[in-house]
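Source file: final-v9.cif; contents: mmCIF, C-alpha atoms.
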```
data_structure
#
loop_
_atom_site.group_PDB
_atom_site.id
_atom_site.type_symbol
_atom_site.label_atom_id
_atom_site.label_comp_id
_atom_site.auth_asym_id
_atom_site.auth_seq_id
_atom_site.Cartn_x
_atom_site.Cartn_y
_atom_site.Cartn_z
ATOM 1 C CA MET A 1 17.507 -18.358 -59.882
ATOM 2 C CA ALA A 2 20.497 -17.782 -57.604
ATOM 3 C CA ALA A 3 19.725 -16.775 -54.042
ATOM 4 C CA MET A 4 20.187 -13.086 -53.275
ATOM 5 C CA SER A 5 23.387 -12.416 -51.323
ATOM 6 C CA ASP A 6 23.366 -10.680 -47.943
ATOM 7 C CA ASN A 7 25.149 -7.688 -49.457
ATOM 8 C CA THR A 8 22.518 -7.327 -52.179
ATOM 9 C CA LYS A 9 19.728 -7.625 -49.597
ATOM 10 C CA GLY A 10 21.452 -4.968 -47.523
ATOM 11 C CA ALA A 11 21.786 -2.646 -50.514
ATOM 12 C CA LEU A 12 18.083 -2.978 -51.372
ATOM 13 C CA LEU A 13 17.090 -2.441 -47.736
ATOM 14 C CA MET A 14 19.254 0.682 -47.618
ATOM 15 C CA ILE A 15 17.602 2.086 -50.746
ATOM 16 C CA CYS A 16 14.148 1.399 -49.258
ATOM 17 C CA SER A 17 15.195 2.978 -45.969
ATOM 18 C CA MET A 18 16.426 6.130 -47.693
ATOM 19 C CA ALA A 19 13.245 6.364 -49.774
ATOM 20 C CA ALA A 20 11.033 6.023 -46.694
ATOM 21 C CA PHE A 21 12.997 8.590 -44.703
ATOM 22 C CA THR A 22 13.056 11.076 -47.600
ATOM 23 C CA PHE A 23 9.312 10.822 -48.212
ATOM 24 C CA ASN A 24 8.847 11.329 -44.467
ATOM 25 C CA ASP A 25 11.193 14.332 -44.585
ATOM 26 C CA THR A 26 9.197 15.850 -47.429
ATOM 27 C CA LEU A 27 5.937 15.570 -45.494
ATOM 28 C CA VAL A 28 7.567 16.819 -42.292
ATOM 29 C CA LYS A 29 9.044 19.837 -44.054
ATOM 30 C CA THR A 30 5.619 20.630 -45.488
ATOM 31 C CA LEU A 31 4.117 20.384 -41.989
ATOM 32 C CA GLY A 32 6.911 22.536 -40.590
ATOM 33 C CA MET A 33 5.409 25.585 -42.227
ATOM 34 C CA ASP A 34 2.511 25.441 -39.755
ATOM 35 C CA VAL A 35 3.176 22.901 -36.968
ATOM 36 C CA PRO A 36 5.784 23.356 -34.192
ATOM 37 C CA LEU A 37 8.657 20.870 -34.190
ATOM 38 C CA PHE A 38 7.976 19.075 -30.916
ATOM 39 C CA GLN A 39 4.222 18.878 -31.492
ATOM 40 C CA MET A 40 4.858 17.295 -34.870
ATOM 41 C CA LEU A 41 7.406 14.833 -33.424
ATOM 42 C CA PHE A 42 5.058 13.849 -30.605
ATOM 43 C CA LEU A 43 1.976 13.332 -32.777
ATOM 44 C CA ARG A 44 3.955 11.490 -35.436
ATOM 45 C CA GLY A 45 5.479 9.360 -32.693
ATOM 46 C CA VAL A 46 2.063 8.422 -31.327
ATOM 47 C CA LEU A 47 0.789 7.349 -34.740
ATOM 48 C CA ALA A 48 4.003 5.540 -35.677
ATOM 49 C CA SER A 49 4.180 3.706 -32.337
ATOM 50 C CA ILE A 50 0.604 2.483 -32.720
ATOM 51 C CA LEU A 51 1.376 1.216 -36.227
ATOM 52 C CA ILE A 52 4.592 -0.489 -35.108
ATOM 53 C CA LEU A 53 2.926 -2.096 -32.099
ATOM 54 C CA GLY A 54 0.068 -3.409 -34.234
ATOM 55 C CA LEU A 55 2.454 -4.819 -36.834
ATOM 56 C CA ALA A 56 4.689 -6.417 -34.212
ATOM 57 C CA LYS A 57 1.788 -8.080 -32.420
ATOM 58 C CA SER A 58 0.211 -9.344 -35.623
ATOM 59 C CA LEU A 59 3.519 -10.928 -36.645
ATOM 60 C CA GLY A 60 4.321 -12.158 -33.146
ATOM 61 C CA LYS A 61 7.707 -10.416 -33.355
ATOM 62 C CA LEU A 62 7.598 -8.365 -30.147
ATOM 63 C CA ARG A 63 9.815 -9.675 -27.354
ATOM 64 C CA TRP A 64 11.182 -7.977 -24.251
ATOM 65 C CA ASN A 65 13.329 -10.672 -22.573
ATOM 66 C CA LEU A 66 16.601 -9.468 -24.018
ATOM 67 C CA GLY A 67 20.067 -9.867 -22.559
ATOM 68 C CA ARG A 68 21.717 -7.065 -20.585
ATOM 69 C CA GLN A 69 24.141 -6.206 -23.387
ATOM 70 C CA ASP A 70 21.357 -6.095 -25.981
ATOM 71 C CA TRP A 71 19.239 -3.847 -23.772
ATOM 72 C CA ALA A 72 22.218 -1.517 -23.320
ATOM 73 C CA LEU A 73 22.612 -1.348 -27.099
ATOM 74 C CA VAL A 74 18.871 -0.761 -27.579
ATOM 75 C CA ILE A 75 19.034 2.138 -25.119
ATOM 76 C CA VAL A 76 22.122 3.626 -26.796
ATOM 77 C CA ARG A 77 20.449 3.281 -30.174
ATOM 78 C CA THR A 78 17.255 4.952 -28.914
ATOM 79 C CA LEU A 79 19.176 7.885 -27.447
ATOM 80 C CA ALA A 80 20.998 8.252 -30.754
ATOM 81 C CA GLU A 81 17.651 8.137 -32.589
ATOM 82 C CA ILE A 82 16.326 10.925 -30.376
ATOM 83 C CA GLY A 83 19.379 13.085 -31.033
ATOM 84 C CA ALA A 84 19.246 12.411 -34.765
ATOM 85 C CA ALA A 85 15.546 13.251 -34.945
ATOM 86 C CA TYR A 86 15.912 16.543 -33.081
ATOM 87 C CA PHE A 87 18.988 17.865 -34.890
ATOM 88 C CA PHE A 88 17.989 16.649 -38.332
ATOM 89 C CA ILE A 89 14.401 17.889 -38.272
ATOM 90 C CA THR A 90 15.459 21.235 -36.791
ATOM 91 C CA ALA A 91 17.800 21.606 -39.752
ATOM 92 C CA LEU A 92 15.096 20.380 -42.136
ATOM 93 C CA TYR A 93 12.645 22.998 -40.908
ATOM 94 C CA HIS A 94 15.119 25.763 -41.839
ATOM 95 C CA MET A 95 17.002 24.438 -44.891
ATOM 96 C CA PRO A 96 16.072 23.104 -48.355
ATOM 97 C CA LEU A 97 15.459 19.352 -48.425
ATOM 98 C CA ALA A 98 18.292 18.618 -50.878
ATOM 99 C CA ASN A 99 20.799 20.666 -48.858
ATOM 100 C CA VAL A 100 20.110 18.813 -45.609
ATOM 101 C CA THR A 101 20.119 15.442 -47.349
ATOM 102 C CA ALA A 102 23.390 16.294 -49.098
ATOM 103 C CA ILE A 103 25.102 16.962 -45.778
ATOM 104 C CA LEU A 104 23.986 13.528 -44.586
ATOM 105 C CA GLN A 105 25.780 11.902 -47.505
ATOM 106 C CA ILE A 106 28.956 11.860 -45.431
ATOM 107 C CA LEU A 107 27.333 8.993 -43.519
ATOM 108 C CA PRO A 108 28.754 6.249 -45.773
ATOM 109 C CA LEU A 109 32.212 7.455 -44.854
ATOM 110 C CA THR A 110 31.541 7.561 -41.111
ATOM 111 C CA VAL A 111 29.718 4.225 -41.048
ATOM 112 C CA THR A 112 32.343 2.561 -43.230
ATOM 113 C CA LEU A 113 35.071 3.841 -40.916
ATOM 114 C CA GLY A 114 33.129 2.496 -37.949
ATOM 115 C CA GLY A 115 32.699 -0.875 -39.647
ATOM 116 C CA ALA A 116 36.442 -1.083 -40.274
ATOM 117 C CA LEU A 117 37.373 0.010 -36.753
ATOM 118 C CA PHE A 118 34.853 -2.023 -34.767
ATOM 119 C CA PHE A 119 34.058 -5.012 -36.979
ATOM 120 C CA GLY A 120 37.331 -5.487 -38.823
ATOM 121 C CA GLU A 121 35.725 -5.390 -42.282
ATOM 122 C CA ALA A 122 38.233 -4.882 -45.071
ATOM 123 C CA VAL A 123 37.769 -1.994 -47.488
ATOM 124 C CA GLY A 124 39.891 -2.304 -50.622
ATOM 125 C CA TRP A 125 41.283 0.679 -52.466
ATOM 126 C CA ARG A 126 38.770 0.341 -55.288
ATOM 127 C CA ARG A 127 35.719 0.578 -53.024
ATOM 128 C CA ALA A 128 37.427 3.293 -50.985
ATOM 129 C CA SER A 129 38.015 5.214 -54.207
ATOM 130 C CA ALA A 130 34.354 4.763 -55.206
ATOM 131 C CA ILE A 131 33.230 6.141 -51.849
ATOM 132 C CA ALA A 132 35.599 9.094 -52.254
ATOM 133 C CA ALA A 133 34.226 9.709 -55.763
ATOM 134 C CA GLY A 134 30.707 9.674 -54.351
ATOM 135 C CA PHE A 135 31.775 12.243 -51.778
ATOM 136 C CA CYS A 136 33.175 14.450 -54.563
ATOM 137 C CA GLY A 137 29.887 14.108 -56.411
ATOM 138 C CA MET A 138 28.059 15.237 -53.285
ATOM 139 C CA LEU A 139 30.307 18.308 -53.112
ATOM 140 C CA LEU A 140 29.357 19.184 -56.689
ATOM 141 C CA ILE A 141 25.713 19.087 -55.645
ATOM 142 C CA VAL A 142 26.179 21.188 -52.519
ATOM 143 C CA ARG A 143 29.009 23.437 -53.734
ATOM 144 C CA PRO A 144 29.478 24.636 -50.148
ATOM 145 C CA GLY A 145 30.885 28.059 -49.431
ATOM 146 C CA PRO A 146 31.523 29.916 -46.183
ATOM 147 C CA GLU A 147 27.917 31.117 -46.173
ATOM 148 C CA GLY A 148 26.626 27.554 -46.476
ATOM 149 C CA PHE A 149 27.704 26.375 -43.048
ATOM 150 C CA ASP A 150 25.250 28.250 -40.889
ATOM 151 C CA GLU A 151 23.778 27.131 -37.572
ATOM 152 C CA TYR A 152 21.365 24.687 -39.152
ATOM 153 C CA ALA A 153 24.002 23.095 -41.371
ATOM 154 C CA ILE A 154 25.927 22.376 -38.163
ATOM 155 C CA TYR A 155 22.754 20.815 -36.745
ATOM 156 C CA ALA A 156 22.641 18.504 -39.762
ATOM 157 C CA MET A 157 26.275 17.510 -39.215
ATOM 158 C CA ILE A 158 25.572 16.726 -35.552
ATOM 159 C CA ALA A 159 22.725 14.525 -36.761
ATOM 160 C CA VAL A 160 25.306 12.597 -38.818
ATOM 161 C CA VAL A 161 27.161 11.711 -35.621
ATOM 162 C CA PHE A 162 23.987 10.450 -33.952
ATOM 163 C CA VAL A 163 22.938 8.371 -36.971
ATOM 164 C CA THR A 164 26.392 6.803 -37.109
ATOM 165 C CA VAL A 165 26.126 5.763 -33.457
ATOM 166 C CA ARG A 166 22.614 4.482 -34.105
ATOM 167 C CA ASP A 167 23.643 2.294 -37.018
ATOM 168 C CA LEU A 168 26.759 0.879 -35.402
ATOM 169 C CA SER A 169 24.924 0.031 -32.159
ATOM 170 C CA THR A 170 22.291 -1.781 -34.227
ATOM 171 C CA ARG A 171 25.048 -3.730 -35.916
ATOM 172 C CA LYS A 172 26.394 -4.870 -32.534
ATOM 173 C CA MET A 173 23.074 -6.365 -31.344
ATOM 174 C CA SER A 174 22.708 -10.130 -31.268
ATOM 175 C CA ALA A 175 20.642 -11.797 -33.967
ATOM 176 C CA ASN A 176 17.882 -12.818 -31.542
ATOM 177 C CA VAL A 177 16.787 -9.217 -30.884
ATOM 178 C CA PRO A 178 13.563 -8.662 -32.873
ATOM 179 C CA SER A 179 13.862 -5.744 -35.267
ATOM 180 C CA LEU A 180 10.335 -4.586 -34.445
ATOM 181 C CA THR A 181 11.193 -4.413 -30.738
ATOM 182 C CA VAL A 182 14.116 -2.122 -31.556
ATOM 183 C CA THR A 183 11.927 -0.077 -33.887
ATOM 184 C CA LEU A 184 9.147 0.321 -31.303
ATOM 185 C CA VAL A 185 11.522 1.378 -28.534
ATOM 186 C CA ALA A 186 13.082 3.988 -30.840
ATOM 187 C CA SER A 187 9.688 5.371 -31.807
ATOM 188 C CA LEU A 188 8.530 5.513 -28.180
ATOM 189 C CA GLY A 189 11.782 7.203 -27.192
ATOM 190 C CA VAL A 190 11.405 9.991 -29.744
ATOM 191 C CA MET A 191 7.724 10.374 -28.815
ATOM 192 C CA ALA A 192 8.509 10.627 -25.081
ATOM 193 C CA PHE A 193 11.289 13.144 -25.680
ATOM 194 C CA ALA A 194 9.015 15.320 -27.813
ATOM 195 C CA GLY A 195 6.160 14.976 -25.324
ATOM 196 C CA VAL A 196 8.308 16.291 -22.477
ATOM 197 C CA ALA A 197 9.578 19.114 -24.691
ATOM 198 C CA CYS A 198 5.960 20.026 -25.525
ATOM 199 C CA LEU A 199 5.014 20.611 -21.878
ATOM 200 C CA GLY A 200 3.908 24.204 -21.434
ATOM 201 C CA ALA A 201 4.179 24.999 -25.150
ATOM 202 C CA ASP A 202 1.315 26.323 -27.276
ATOM 203 C CA TRP A 203 -0.206 23.784 -29.661
ATOM 204 C CA VAL A 204 -1.842 24.485 -32.996
ATOM 205 C CA THR A 205 -5.058 22.835 -34.161
ATOM 206 C CA LEU A 206 -4.474 20.590 -37.185
ATOM 207 C CA ASP A 207 -6.868 20.561 -40.114
ATOM 208 C CA GLY A 208 -7.709 17.543 -42.276
ATOM 209 C CA ARG A 209 -4.838 18.142 -44.702
ATOM 210 C CA GLN A 210 -2.306 18.396 -41.904
ATOM 211 C CA TRP A 211 -3.582 15.197 -40.282
ATOM 212 C CA ALA A 212 -3.254 13.446 -43.641
ATOM 213 C CA LEU A 213 0.337 14.668 -44.006
ATOM 214 C CA LEU A 214 1.100 13.608 -40.443
ATOM 215 C CA SER A 215 -0.390 10.145 -40.995
ATOM 216 C CA GLY A 216 1.665 9.732 -44.147
ATOM 217 C CA ALA A 217 4.793 10.813 -42.279
ATOM 218 C CA ALA A 218 4.046 8.208 -39.589
ATOM 219 C CA LEU A 219 3.741 5.464 -42.216
ATOM 220 C CA PHE A 220 7.000 6.444 -43.879
ATOM 221 C CA ILE A 221 8.888 6.811 -40.603
ATOM 222 C CA LEU A 222 7.677 3.314 -39.706
ATOM 223 C CA GLY A 223 9.268 2.032 -42.903
ATOM 224 C CA GLY A 224 12.394 4.109 -42.333
ATOM 225 C CA TYR A 225 12.823 2.874 -38.756
ATOM 226 C CA LEU A 226 12.252 -0.762 -39.675
ATOM 227 C CA PHE A 227 14.498 -0.770 -42.745
ATOM 228 C CA SER A 228 17.250 1.088 -40.875
ATOM 229 C CA VAL A 229 17.294 -1.681 -38.261
ATOM 230 C CA LEU A 230 17.204 -4.500 -40.803
ATOM 231 C CA VAL A 231 19.854 -3.005 -43.055
ATOM 232 C CA MET A 232 22.528 -2.878 -40.358
ATOM 233 C CA ARG A 233 22.039 -6.580 -39.626
ATOM 234 C CA VAL A 234 22.618 -7.871 -43.166
ATOM 235 C CA GLY A 235 25.845 -7.925 -45.160
ATOM 236 C CA GLU A 236 28.994 -5.846 -44.730
ATOM 237 C CA VAL A 237 28.737 -2.279 -43.459
ATOM 238 C CA SER A 238 31.456 -1.108 -45.850
ATOM 239 C CA PHE A 239 29.523 -2.507 -48.832
ATOM 240 C CA ILE A 240 26.054 -1.317 -47.819
ATOM 241 C CA ALA A 241 26.937 2.161 -46.537
ATOM 242 C CA PRO A 242 27.456 3.827 -49.975
ATOM 243 C CA PHE A 243 23.830 3.123 -50.869
ATOM 244 C CA ARG A 244 22.842 5.874 -48.486
ATOM 245 C CA TYR A 245 23.675 8.102 -51.452
ATOM 246 C CA SER A 246 20.335 7.047 -52.938
ATOM 247 C CA GLY A 247 18.703 9.311 -50.361
ATOM 248 C CA LEU A 248 20.192 12.288 -52.148
ATOM 249 C CA LEU A 249 18.603 11.220 -55.411
ATOM 250 C CA TRP A 250 15.221 10.849 -53.696
ATOM 251 C CA ALA A 251 15.652 14.319 -52.199
ATOM 252 C CA LEU A 252 16.442 15.850 -55.587
ATOM 253 C CA VAL A 253 13.379 14.261 -57.193
ATOM 254 C CA LEU A 254 11.026 15.177 -54.334
ATOM 255 C CA GLY A 255 12.517 18.649 -54.071
ATOM 256 C CA PHE A 256 11.496 19.264 -57.687
ATOM 257 C CA ALA A 257 8.106 17.548 -57.486
ATOM 258 C CA VAL A 258 6.982 19.134 -54.211
ATOM 259 C CA PHE A 259 8.942 22.361 -53.769
ATOM 260 C CA GLY A 260 9.728 23.222 -57.397
ATOM 261 C CA ASP A 261 13.519 23.018 -57.039
ATOM 262 C CA TRP A 262 15.152 21.928 -60.306
ATOM 263 C CA PRO A 263 18.830 20.898 -60.176
ATOM 264 C CA ASP A 264 21.256 22.699 -62.502
ATOM 265 C CA PRO A 265 23.734 20.836 -64.787
ATOM 266 C CA ILE A 266 26.499 20.789 -62.144
ATOM 267 C CA THR A 267 24.104 19.269 -59.619
ATOM 268 C CA LEU A 268 23.012 16.645 -62.136
ATOM 269 C CA THR A 269 26.672 15.832 -62.829
ATOM 270 C CA GLY A 270 27.280 15.351 -59.127
ATOM 271 C CA ALA A 271 24.229 13.097 -58.842
ATOM 272 C CA ALA A 272 25.501 10.996 -61.762
ATOM 273 C CA ILE A 273 28.874 10.568 -60.034
ATOM 274 C CA VAL A 274 27.152 9.496 -56.813
ATOM 275 C CA VAL A 275 25.026 6.931 -58.658
ATOM 276 C CA GLY A 276 28.020 5.683 -60.619
ATOM 277 C CA ALA A 277 30.012 5.229 -57.417
ATOM 278 C CA GLY A 278 27.191 3.210 -55.878
ATOM 279 C CA VAL A 279 26.807 0.990 -58.940
ATOM 280 C CA PHE A 280 30.577 0.388 -59.093
ATOM 281 C CA THR A 281 30.610 -0.534 -55.393
ATOM 282 C CA LEU A 282 27.781 -3.013 -55.936
ATOM 283 C CA LEU A 283 29.488 -4.640 -58.916
ATOM 284 C CA ARG A 284 32.865 -4.713 -57.182
ATOM 285 C CA GLY A 285 31.378 -6.294 -54.064
ATOM 286 C CA ARG A 286 29.627 -8.924 -56.140
ATOM 287 C CA LYS A 287 32.856 -9.724 -57.974
ATOM 288 C CA LEU A 288 34.781 -10.098 -54.715
ATOM 289 C CA SER A 289 32.091 -12.391 -53.336
ATOM 290 C CA GLN A 290 32.241 -14.571 -56.432
ATOM 291 C CA GLU A 291 36.030 -14.748 -56.253
ATOM 292 C CA LYS A 292 35.841 -15.746 -52.591
ATOM 293 C CA VAL A 293 33.364 -18.529 -53.377
ATOM 294 C CA ALA A 294 35.536 -19.736 -56.255
ATOM 295 C CA ARG A 295 38.566 -20.044 -53.965
ATOM 296 C CA THR A 296 36.726 -22.162 -51.368
#
```
Any chance you could put this one into structure tokens?
Amino acid sequence: MAAMSDNTKGALLMICSMAAFTFNDTLVKTLGMDVPLFQMLFLRGVLASILILGLAKSLGKLRWNLGRQDWALVIVRTLAEIGAAYFFITALYHMPLANVTAILQILPLTVTLGGALFFGEAVGWRRASAIAAGFCGMLLIVRPGPEGFDEYAIYAMIAVVFVTVRDLSTRKMSANVPSLTVTLVASLGVMAFAGVACLGADWVTLDGRQWALLSGAALFILGGYLFSVLVMRVGEVSFIAPFRYSGLLWALVLGFAVFGDWPDPITLTGAAIVVGAGVFTLLRGRKLSQEKVART
């Protein structure tokens, strides 16, 4: 069996990352009906950090003697993670899951642009057209109007900026920076930020169901953090980025299963376009890789 290419690995990691984050978002949104934002972020951060630390130590993958440039990138990435968590979850608490996730689907465009500007990765017209088609499919799902861009939609768009910075700073790190170190620092950063924000605020007492939801969210955010680090260190950004669209599909499925939201025919058409664009990008990237190998 042929070895899996870096681009294929990156695509699979991106799909796993989007699944983990969307399952986390579903649990967080459910908790948001009863638990204040910063309390939830702090408690989830505590649980997630413990899980990450235990995993890192068991695998022997935790290391702190990083170079100055890598530490600077880790700090930038952590600050971006904090901003993304605050703005995204604030929007999530006040908007339907599919709506917030749909806004985030602009990320492939912003990350691809960043990859071209900062890493010199070529994006041919065919893949650029596929990304544009995916964006059009997203618009069919959202069908935004003037009333759709309220305060919390703007929060979601600000989160896009932070996630873009997060992913590109991860991409710039040297290969010897352990992914679990980056993941742990990000988790601790979000936890510390939420802990400070919680000072002086009233807390609610969680029941068994809420603790179960919170524990599940911590497990999924662990997977989301880890996959989001790994994915930006494998393959080409311009190839991998469109697979963020899979997060929209997860959101549509979970929105129906958990919150009873069923997409209408136009929404389903948009989802089909998004999936088709991703599949075309995968096949096109594979073809280009094969042609490159054949020429060498």
Closest of A:Ile266, A:Ala277, A:Leu55, A:Val237 to A:Phe119 - atom-to-atom distances counting all atoms listed in the file =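 The answer is A:Val237, which sits nearest to A:Phe119.
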Residues within 9 Å of A:Arg233, please, as a PDB file with C-alpha atoms, in the frame of the given file. Count all atoms listed in the file; anything in the same chain fewer than 6 positions from it doesn't count.
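The new file out09.pdb reads:
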```
ATOM      1  CA  GLY A  10      21.452  -4.968 -47.523  1.00  0.00           C
ATOM      2  CA  THR A 170      22.291  -1.781 -34.227  1.00  0.00           C
ATOM      3  CA  ARG A 171      25.048  -3.730 -35.916  1.00  0.00           C
ATOM      4  CA  LYS A 172      26.394  -4.870 -32.534  1.00  0.00           C
ATOM      5  CA  MET A 173      23.074  -6.365 -31.344  1.00  0.00           C
ATOM      6  CA  ALA A 175      20.642 -11.797 -33.967  1.00  0.00           C
TER       7      ALA A 175
END
```
Who sits within 12 Å of stretch 212-219 of chain A, all atoms listed in the file, same chain under 4 positions skipped, as a ChimeraX atom specification | /A:20-32,34-35,39-52,55,187,191,206-208,223-226
Kindly export the residues of the current selection with C-alpha atoms, as a PDB file, keeping the file's coordinate frame.
```
ATOM      1  CA  ALA A  20      11.033   6.023 -46.694  1.00  0.00           C
ATOM      2  CA  PHE A  21      12.997   8.590 -44.703  1.00  0.00           C
ATOM      3  CA  THR A  22      13.056  11.076 -47.600  1.00  0.00           C
ATOM      4  CA  PHE A  23       9.312  10.822 -48.212  1.00  0.00           C
ATOM      5  CA  ASN A  24       8.847  11.329 -44.467  1.00  0.00           C
ATOM      6  CA  ASP A  25      11.193  14.332 -44.585  1.00  0.00           C
ATOM      7  CA  THR A  26       9.197  15.850 -47.429  1.00  0.00           C
ATOM      8  CA  LEU A  27       5.937  15.570 -45.494  1.00  0.00           C
ATOM      9  CA  VAL A  28       7.567  16.819 -42.292  1.00  0.00           C
ATOM     10  CA  LYS A  29       9.044  19.837 -44.054  1.00  0.00           C
ATOM     11  CA  THR A  30       5.619  20.630 -45.488  1.00  0.00           C
ATOM     12  CA  LEU A  31       4.117  20.384 -41.989  1.00  0.00           C
ATOM     13  CA  GLY A  32       6.911  22.536 -40.590  1.00  0.00           C
ATOM     14  CA  ASP A  34       2.511  25.441 -39.755  1.00  0.00           C
ATOM     15  CA  VAL A  35       3.176  22.901 -36.968  1.00  0.00           C
ATOM     16  CA  GLN A  39       4.222  18.878 -31.492  1.00  0.00           C
ATOM     17  CA  MET A  40       4.858  17.295 -34.870  1.00  0.00           C
ATOM     18  CA  LEU A  41       7.406  14.833 -33.424  1.00  0.00           C
ATOM     19  CA  PHE A  42       5.058  13.849 -30.605  1.00  0.00           C
ATOM     20  CA  LEU A  43       1.976  13.332 -32.777  1.00  0.00           C
ATOM     21  CA  ARG A  44       3.955  11.490 -35.436  1.00  0.00           C
ATOM     22  CA  GLY A  45       5.479   9.360 -32.693  1.00  0.00           C
ATOM     23  CA  VAL A  46       2.063   8.422 -31.327  1.00  0.00           C
ATOM     24  CA  LEU A  47       0.789   7.349 -34.740  1.00  0.00           C
ATOM     25  CA  ALA A  48       4.003   5.540 -35.677  1.00  0.00           C
ATOM     26  CA  SER A  49       4.180   3.706 -32.337  1.00  0.00           C
ATOM     27  CA  ILE A  50       0.604   2.483 -32.720  1.00  0.00           C
ATOM     28  CA  LEU A  51       1.376   1.216 -36.227  1.00  0.00           C
ATOM     29  CA  ILE A  52       4.592  -0.489 -35.108  1.00  0.00           C
ATOM     30  CA  LEU A  55       2.454  -4.819 -36.834  1.00  0.00           C
ATOM     31  CA  SER A 187       9.688   5.371 -31.807  1.00  0.00           C
ATOM     32  CA  MET A 191       7.724  10.374 -28.815  1.00  0.00           C
ATOM     33  CA  LEU A 206      -4.474  20.590 -37.185  1.00  0.00           C
ATOM     34  CA  ASP A 207      -6.868  20.561 -40.114  1.00  0.00           C
ATOM     35  CA  GLY A 208      -7.709  17.543 -42.276  1.00  0.00           C
ATOM     36  CA  GLY A 223       9.268   2.032 -42.903  1.00  0.00           C
ATOM     37  CA  GLY A 224      12.394   4.109 -42.333  1.00  0.00           C
ATOM     38  CA  TYR A 225      12.823   2.874 -38.756  1.00  0.00           C
ATOM     39  CA  LEU A 226      12.252  -0.762 -39.675  1.00  0.00           C
TER      40      LEU A 226
END
```
Selection result for the PyMOL selection byres ((chain A and resi 231) around 9) on this file, as a PyMOL selection string | chain A and resi 9-14+17+167+171+226-230+232-235+237+240
Any chance you could export the current selection's C-alpha atoms as an mmCIF file, keeping the file's coordinate frame?
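In the end it all went to selection-v5.cif:
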```cif
data_model
loop_
_atom_site.group_PDB
_atom_site.id
_atom_site.type_symbol
_atom_site.label_atom_id
_atom_site.label_comp_id
_atom_site.auth_asym_id
_atom_site.auth_seq_id
_atom_site.Cartn_x
_atom_site.Cartn_y
_atom_site.Cartn_z
ATOM 1 C CA LYS A 9 19.728 -7.625 -49.597
ATOM 2 C CA GLY A 10 21.452 -4.968 -47.523
ATOM 3 C CA ALA A 11 21.786 -2.646 -50.514
ATOM 4 C CA LEU A 12 18.083 -2.978 -51.372
ATOM 5 C CA LEU A 13 17.090 -2.441 -47.736
ATOM 6 C CA MET A 14 19.254 0.682 -47.618
ATOM 7 C CA SER A 17 15.195 2.978 -45.969
ATOM 8 C CA ASP A 167 23.643 2.294 -37.018
ATOM 9 C CA ARG A 171 25.048 -3.730 -35.916
ATOM 10 C CA LEU A 226 12.252 -0.762 -39.675
ATOM 11 C CA PHE A 227 14.498 -0.770 -42.745
ATOM 12 C CA SER A 228 17.250 1.088 -40.875
ATOM 13 C CA VAL A 229 17.294 -1.681 -38.261
ATOM 14 C CA LEU A 230 17.204 -4.500 -40.803
ATOM 15 C CA MET A 232 22.528 -2.878 -40.358
ATOM 16 C CA ARG A 233 22.039 -6.580 -39.626
ATOM 17 C CA VAL A 234 22.618 -7.871 -43.166
ATOM 18 C CA GLY A 235 25.845 -7.925 -45.160
ATOM 19 C CA VAL A 237 28.737 -2.279 -43.459
ATOM 20 C CA ILE A 240 26.054 -1.317 -47.819
#
```
Rounded to one decimal in Å, what is the spacing between atom CA of A:Gly255 and atom CA of A:Met33?
->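 Those two atoms sit 15.5 Å apart.
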Could you tell me how far atom CA of A:Thr281 lies from atom CA of A:Phe135, in Å and to one decimal?
->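 Atom-to-atom, atom CA of A:Thr281 to atom CA of A:Phe135, that is 13.3 Å.
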What is the distance, in Å and to one decimal place, between atom CA of A:Thr101 and atom CA of A:Ala133?
-> 17.4 Å
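Nearest to A:Leu104 of all the residues A:Thr164, A:Thr181, A:Thr90, A:Asn65 is A:Thr164, counting only C-alpha atoms.
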Residue with smallest distance to A:Leu73 - pool A:Ser246, A:Ala192, A:Val177, A:Leu268, counting all atoms listed in the file |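 That would be A:Val177, the residue with the smallest distance to A:Leu73.
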So what does the PyMOL selection byres ((chain A and resi 279) around 12) actually pick up in this one, as a PyMOL selection string?
-> chain A and resi 8+11+127+130-131+133-134+239-240+242-243+245-246+272-278+280-286
Evaluate the PyMOL selection byres ((chain A and resi 202) around 12) here and jot the selected residues down as an MDAnalysis selection string.
-> chainID A and resid 35:39 197:201 203:205
Could you check which of A:Val100, A:Met18, A:Met138, A:Ala80 is closest to A:Ala241, using only C-alpha atoms?
->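 With only C-alpha atoms as the atom set, the closest residue is A:Met18.
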